[in-house]
Protein chains: 2
Amino acid sequence: MEELKQNHKHGQELSKEFIGQIRQTIAENSTEEAISLITPLHAADIAELYDSLNIEEAKFLFFLIDKEKAADVIAELDDDDREKFLNALPSEVIAKQFIEEMDSDDAADVLGEMTEERQEEVLSHIEDYEQAGDIVDLLTYDENTAGGLMAKELVAVNQKLSVSRSLVELRSQAETVDEIYYIYVVDDNQHLVGTLSLKKLLLSSTKETIKELCNTEIISVRTDTTDVEVAKIMKKYDLVALPVVDSIGRLKGRITIDDVVDVIQEEAEKDYQLISGITEDVESSDSVFLLTRARLPWLLIGLFGGIIGAWVIGYFEGDISKYAGLAMFLPLIGAMGGNAGVQSSSIVVQGLANHSITKDSITYRLLKELMVAFMNGASLSVLIFVYNYFMSDSYALTISVSIALFSVIIFASLFGTLVPMLLDRYKIDPALATGPFITTVNDIMGLFMYLTISRFIFNIVILS
Amino acid sequence: MEELKQNHKHGQELSKEFIGQIRQTIAENSTEEAISLITPLHAADIAELYDSLNIEEAKFLFFLIDKEKAADVIAELDDDDREKFLNALPSEVIAKQFIEEMDSDDAADVLGEMTEERQEEVLSHIEDYEQAGDIVDLLTYDENTAGGLMAKELVAVNQKLSVSRSLVELRSQAETVDEIYYIYVVDDNQHLVGTLSLKKLLLSSTKETIKELCNTEIISVRTDTTDVEVAKIMKKYDLVALPVVDSIGRLKGRITIDDVVDVIQEEAEKDYQLISGITEDVESSDSVFLLTRARLPWLLIGLFGGIIGAWVIGYFEGDISKYAGLAMFLPLIGAMGGNAGVQSSSIVVQGLANHSITKDSITYRLLKELMVAFMNGASLSVLIFVYNYFMSDSYALTISVSIALFSVIIFASLFGTLVPMLLDRYKIDPALATGPFITTVNDIMGLFMYLTISRFIFNIVILS
């Protein structure tokens, strides 16, 4: 225990030395030493340890830890690691050693990753008929819905019961439930009619009925509510558990906050990947092939945009031939448009995600953005004007660059605001408008504006 | 209740009609109608409603809701809204109406936003001396540590007590605690020695002592553990509550998951803002001035990078004068370097954040990145070669652009991987290396490589 506490207090990962020591004991086949090393570890730590072991080492350790912890470890493993590991084991071992010890939601997640044939094989080895039924029920829900997130394990009591009767009922149901959080109150038809905290039950007189005690202002979701919506609701109302009902209000399961924390994190990671120009949910540990495939599409869009940019410049090639100095500021103008556009779009995307701007009209957002863009654009174009005034030999270039920079920042900011808001209005993920798409469009527009403005200004200078 | 349930099931925001209706009743001073409209609402919904009201309207509604809910609403408000609202109220009202009804952590958060003078004024009006003491204690902790996150409200029992004695103890302590989750077990010196779930207590025989029942494998943090570390631990071990101890192991408070969900989200948002080139934590609802200030620094870096880029191009001005076609691909090369670099750095930053690559060596990461970059670079440069082969009149340009594109993708990918890994090694936030910094450096390097390569190739062509 002391070691664990130390470990957590300092928030360290498992040390390389410790991992080396474990591998050493496995290589030496010293069962007892291995047991003494891993017994104090939490399931999540053992799962982390598994990342550094090969299949044979992992199997060796697995049969040394107790069943319940082993099931927790399996639930904590990465999808990829779990698949590899389970493929190396017979169905019966999976059923008896892991699935029977798991909560129904974890069991359904693990089975959901298997082929249908393998699923049936594993299910046939589960002795508890009710448990197998629960898992099969859960497998029917889409994994990105409340039904896919929920567990069947919960404590429900009929509203007619007295406090003392329900305590008896509670004792019999509580065996299968890890943590209770709330007691769900149902009517004779299993409709959810209220919730009751364990604390309130403990503090109440034994003669009251549940109906009198329970809180009837229930926050619940339906089995088909999306996981993102579930996360939003649990976060907004600070819930640790949320009951799930079917379309006619019958209690079907409950979702606990730990599963939803993952959804919140995945959502944030998705937006992060989109803005960085990555099309799939990849991790640094994925294969070179997967990483390449996730990155190539946005690079292709960038290439395509670059080719259009080349056309734009090609159209003005005569101007550049006459005055090559024009070329100097091509990348600056393009990049500044890209930067300003990404800033605007990401602020809108974040605002839409946390619902802080859903009530704003598009016109209001655009006007506000116009003011921000005006202040940024004006500051930057004054700066570049001063720079060029002293450093450049061409007044026409000095004026062109300043006006173009100001214009492109205004355009890019408005465009970066408008596109995600329009996407959102048409129920398309606004995060698609961040990153390479906005950058590329603003790049091209910036080049076009710069070269048009300078052609105009150079003509005036020549005419005057 | 039915209305609330409907509302949640569909996960809708408060409708504009509903908000209009409320403002109407306030304007008409119809107290009873207003009460009937807001009574069914959850505190989080009322807080959301407040965004759309002015101070006078908000004050009107406030005195119509019951004290406890009003305190919840205050705790749920945005920092800015709360500050504005509380500034409009006398200290005594704040103390009696809100602070006395709040959990210590929320109370400390609210007081922490006030001036010291105002803090003392409010505290002087709190009647419960113990509560005031708890708040003052909490105010001493840095808000980004476990001490700043924790609440003082918890249920702790001495390990020597029997189950029946501790149930009595529990009843007396539970009054002040919203949700219990775990019972913390302490020794005579208030050292945390174990935890016990309410469920286990309920299911045990009344004669056992707490010491026999409790779980001694405690996961705890110290008051000075950072909030990010707290979030990581609660996420990793799937905890809903985490005890906080001082440097000698005495129980000081507990952190609940709802506070940590906010930390997780803020962390993700911080990385997102850095990659989008925003230096401060701003929201779309912030003032034009704040938004401008948050965006200008990165735009200035972009401008500075653009000026260096202009120098680079200026150095090659003679080449561009001779063959203006070179200018056409300046933005393409710059942008592709930027895009590839952002992709690489964001994958590294994400991998470092979720600890999936902490065990990898820098050499391993660079080699893997080299392979990805090789595949992407080769595909793209073949494509641009084919394009230019048919579209361009200059073989020298065709070859130069292809080689430069390949080189810049390799360079940008390696650089985008290396910089965040080095920053992390020196304990600097690697997310600083995403976004405009990486883009700007890669832009400049791309231009330099492209123009150097083409000068070399054009010379060969001329010589041959």
# chains A, B, ... in the order shown; residues from 1 in each chain; ligands from 1
call {"tool": "residues_around", "arguments": {"residues": "segment 280-293 of chain A", "least_positions_apart": "2", "cutoff": "9 Å", "atoms": "only C-alpha atoms", "output": "list of chain:residue names"}}
result
A:Glu266, A:Glu269, A:Lys270, A:Gln273, A:Leu274, A:Ile278, A:Arg295, A:Leu296, A:Pro297, B:Ile347, B:Val348, B:Gln350, B:Gly351, B:Ser356, B:Ile357, B:Arg365, B:Lys368, B:Glu369, B:Met371, B:Val372, B:Ala373, B:Met375, B:Asn376
call {"tool": "select_by_dssp", "arguments": {"residues": "segment 142-311 of chain A", "states": "helix (DSSP H, G or I)", "output": "PyMOL selection string"}}
result
chain A and resi 146-149+163-174+198-203+210-213+227-236+257-275+288-311
call {"tool": "residues_around", "arguments": {"residues": "Thr363 of chain B", "least_positions_apart": "2", "cutoff": "12 Å", "atoms": "only C-alpha atoms", "output": "list of chain:residue names"}}
result
B:Lys359, B:Asp360, B:Ser361, B:Arg365, B:Leu366, B:Leu367, B:Lys368, B:Glu369, B:Leu370, B:Leu414, B:Thr417, B:Leu418, B:Met421, B:Leu422
call {"tool": "closest_residue", "arguments": {"among": "A:Val240, A:Leu397, A:Cys214, A:Ala34", "to": "Val186 of chain A", "atoms": "only C-alpha atoms"}}
result
A:Cys214
call {"tool": "residues_around", "arguments": {"residues": "segment 149-156 of chain A", "least_positions_apart": "4", "cutoff": "7 Å", "atoms": "only C-alpha atoms", "output": "JSON, numbers by chain"}}
result
{"A": [103, 104, 105, 134, 143, 145, 170, 173, 174, 176, 177, 180, 183, 184, 185, 186, 252, 253, 254, 255, 259]}
call {"tool": "write_last_selection", "arguments": {"atoms": "N, CA and C atoms", "output": "PDB file, in the first residue's frame"}}
result
ATOM      1  N   ASP A 103     -18.446  -5.816 -15.434  1.00  0.00           N
ATOM      2  CA  ASP A 103     -19.738  -5.161 -15.524  1.00  0.00           C
ATOM      3  C   ASP A 103     -20.243  -5.329 -16.952  1.00  0.00           C
ATOM      4  N   SER A 104     -21.565  -5.298 -17.094  1.00  0.00           N
ATOM      5  CA  SER A 104     -22.144  -5.590 -18.406  1.00  0.00           C
ATOM      6  C   SER A 104     -21.655  -4.636 -19.496  1.00  0.00           C
ATOM      7  N   ASP A 105     -21.419  -3.363 -19.144  1.00  0.00           N
ATOM      8  CA  ASP A 105     -20.995  -2.424 -20.199  1.00  0.00           C
ATOM      9  C   ASP A 105     -19.595  -2.743 -20.709  1.00  0.00           C
ATOM     10  N   ASP A 134     -28.105  -9.827 -20.524  1.00  0.00           N
ATOM     11  CA  ASP A 134     -27.789  -8.407 -20.417  1.00  0.00           C
ATOM     12  C   ASP A 134     -26.779  -7.984 -21.472  1.00  0.00           C
ATOM     13  N   GLU A 143     -22.656   1.880 -30.516  1.00  0.00           N
ATOM     14  CA  GLU A 143     -21.716   2.199 -29.440  1.00  0.00           C
ATOM     15  C   GLU A 143     -21.600   3.696 -29.150  1.00  0.00           C
ATOM     16  N   THR A 145     -24.103   5.700 -28.638  1.00  0.00           N
ATOM     17  CA  THR A 145     -25.344   6.185 -28.034  1.00  0.00           C
ATOM     18  C   THR A 145     -25.337   5.859 -26.548  1.00  0.00           C
ATOM     19  N   LEU A 170     -32.266  -3.693  -1.296  1.00  0.00           N
ATOM     20  CA  LEU A 170     -30.969  -3.127  -1.647  1.00  0.00           C
ATOM     21  C   LEU A 170     -29.848  -4.128  -1.403  1.00  0.00           C
ATOM     22  N   GLN A 173     -29.726  -6.668  -4.116  1.00  0.00           N
ATOM     23  CA  GLN A 173     -29.304  -6.195  -5.444  1.00  0.00           C
ATOM     24  C   GLN A 173     -27.862  -5.707  -5.452  1.00  0.00           C
ATOM     25  N   ALA A 174     -27.415  -5.209  -4.309  1.00  0.00           N
ATOM     26  CA  ALA A 174     -26.129  -4.499  -4.274  1.00  0.00           C
ATOM     27  C   ALA A 174     -24.940  -5.382  -4.588  1.00  0.00           C
ATOM     28  N   THR A 176     -24.222  -7.217  -7.036  1.00  0.00           N
ATOM     29  CA  THR A 176     -23.727  -7.178  -8.411  1.00  0.00           C
ATOM     30  C   THR A 176     -23.265  -5.788  -8.843  1.00  0.00           C
ATOM     31  N   VAL A 177     -23.530  -4.776  -8.025  1.00  0.00           N
ATOM     32  CA  VAL A 177     -23.231  -3.407  -8.444  1.00  0.00           C
ATOM     33  C   VAL A 177     -21.985  -2.901  -7.716  1.00  0.00           C
ATOM     34  N   ILE A 180     -22.924   2.333  -5.926  1.00  0.00           N
ATOM     35  CA  ILE A 180     -24.356   2.565  -6.051  1.00  0.00           C
ATOM     36  C   ILE A 180     -24.696   3.981  -6.523  1.00  0.00           C
ATOM     37  N   ILE A 183     -30.111   5.301  -6.013  1.00  0.00           N
ATOM     38  CA  ILE A 183     -31.084   4.221  -6.126  1.00  0.00           C
ATOM     39  C   ILE A 183     -32.171   4.738  -7.062  1.00  0.00           C
ATOM     40  N   TYR A 184     -32.521   3.932  -8.052  1.00  0.00           N
ATOM     41  CA  TYR A 184     -33.552   4.358  -8.983  1.00  0.00           C
ATOM     42  C   TYR A 184     -34.902   3.834  -8.538  1.00  0.00           C
ATOM     43  N   VAL A 185     -35.903   4.701  -8.614  1.00  0.00           N
ATOM     44  CA  VAL A 185     -37.233   4.354  -8.131  1.00  0.00           C
ATOM     45  C   VAL A 185     -38.131   4.134  -9.339  1.00  0.00           C
ATOM     46  N   VAL A 186     -38.807   2.978  -9.362  1.00  0.00           N
ATOM     47  CA  VAL A 186     -39.651   2.645 -10.509  1.00  0.00           C
ATOM     48  C   VAL A 186     -41.066   2.328 -10.055  1.00  0.00           C
ATOM     49  N   LYS A 252     -33.678   1.317 -18.299  1.00  0.00           N
ATOM     50  CA  LYS A 252     -32.914   0.309 -19.035  1.00  0.00           C
ATOM     51  C   LYS A 252     -31.479   0.136 -18.530  1.00  0.00           C
ATOM     52  N   GLY A 253     -30.919   1.175 -17.922  1.00  0.00           N
ATOM     53  CA  GLY A 253     -29.536   1.070 -17.464  1.00  0.00           C
ATOM     54  C   GLY A 253     -29.087   2.394 -16.888  1.00  0.00           C
ATOM     55  N   ARG A 254     -27.800   2.455 -16.557  1.00  0.00           N
ATOM     56  CA  ARG A 254     -27.272   3.731 -16.073  1.00  0.00           C
ATOM     57  C   ARG A 254     -25.872   3.943 -16.655  1.00  0.00           C
ATOM     58  N   ILE A 255     -25.541   5.192 -16.848  1.00  0.00           N
ATOM     59  CA  ILE A 255     -24.221   5.558 -17.360  1.00  0.00           C
ATOM     60  C   ILE A 255     -23.454   6.205 -16.218  1.00  0.00           C
ATOM     61  N   ASP A 259     -17.106   6.578 -17.783  1.00  0.00           N
ATOM     62  CA  ASP A 259     -17.212   6.277 -19.212  1.00  0.00           C
ATOM     63  C   ASP A 259     -17.365   7.550 -20.026  1.00  0.00           C
TER      64      ASP A 259
END
call {"tool": "residues_around", "arguments": {"residues": "segment 321-337 of chain A", "least_positions_apart": "3", "cutoff": "7 Å", "atoms": "only C-alpha atoms", "output": "PyMOL selection string"}}
result
(chain A and resi 317-318+340-341+397+405+408-409+412+442-444+446-447) or (chain B and resi 299+302-303+306-307+310+313-314+317+320-321+324+327+330-331+334)
call {"tool": "residues_around", "arguments": {"residues": "Ile257 of chain B", "least_positions_apart": "2", "cutoff": "10 Å", "atoms": "only C-alpha atoms", "output": "ChimeraX atom specification"}}
result
/A:235,238-240,257-258,261 /B:230-231,234-235,238-242,254-255,259-263
call {"tool": "closest_residue", "arguments": {"among": "B:Thr31, B:Asn459, B:Thr439, B:Ser454", "to": "chain A", "atoms": "only C-alpha atoms"}}
result
B:Thr439
call {"tool": "residues_around", "arguments": {"residues": "Val110 of chain A", "least_positions_apart": "2", "cutoff": "9 Å", "atoms": "only C-alpha atoms", "output": "JSON list (two decimals) with C-alpha atoms, in the first residue's frame"}}
result
[["chain", "number", "residue", "atom", "x", "y", "z"],
["A", 74, "ILE", "CA", -8.74, -6.40, -19.60],
["A", 75, "ALA", "CA", -11.29, -3.58, -19.42],
["A", 79, "ASP", "CA", -8.47, -1.73, -27.86],
["A", 82, "ARG", "CA", -6.85, -6.22, -25.85],
["A", 83, "GLU", "CA", -7.65, -7.64, -29.25],
["A", 99, "ILE", "CA", -16.42, -11.68, -18.99],
["A", 105, "ASP", "CA", -21.00, -2.42, -20.20],
["A", 106, "ASP", "CA", -17.34, -3.45, -20.20],
["A", 107, "ALA", "CA", -18.28, -7.00, -21.19],
["A", 108, "ALA", "CA", -20.33, -5.69, -24.12],
["A", 112, "GLY", "CA", -18.32, -5.91, -29.46],
["A", 113, "GLU", "CA", -14.76, -5.96, -30.77],
["A", 114, "MET", "CA", -14.94, -9.66, -31.64]]
call {"tool": "select_by_dssp", "arguments": {"residues": "segment 62-229 of chain A", "states": "strand (DSSP E or B)", "output": "list in words"}}
result
Thr145, Ala151, Ala156, Val157, Asn158, Ser162, Tyr182, Ile183, Tyr184, Val185, Val186, His191, Leu192, Val193, Gly194, Thr195, Leu196, Ser197, Thr209, Asn215, Val221, Arg222 and Thr226 of chain A
call {"tool": "atom_distance", "arguments": {"atom1": "atom CA of Gln159 of chain A", "atom2": "atom CA of Asp187 of chain A"}}
result
5.9 Å
call {"tool": "closest_residue", "arguments": {"among": "A:Glu92, A:Asp81, A:Asp109, A:Asp45", "to": "chain B", "atoms": "only C-alpha atoms"}}
result
A:Asp45
call {"tool": "closest_residue", "arguments": {"among": "A:Ser276, A:Thr25, A:Ser402, A:Thr223", "to": "Gly416 of chain B", "atoms": "only C-alpha atoms"}}
result
A:Ser276
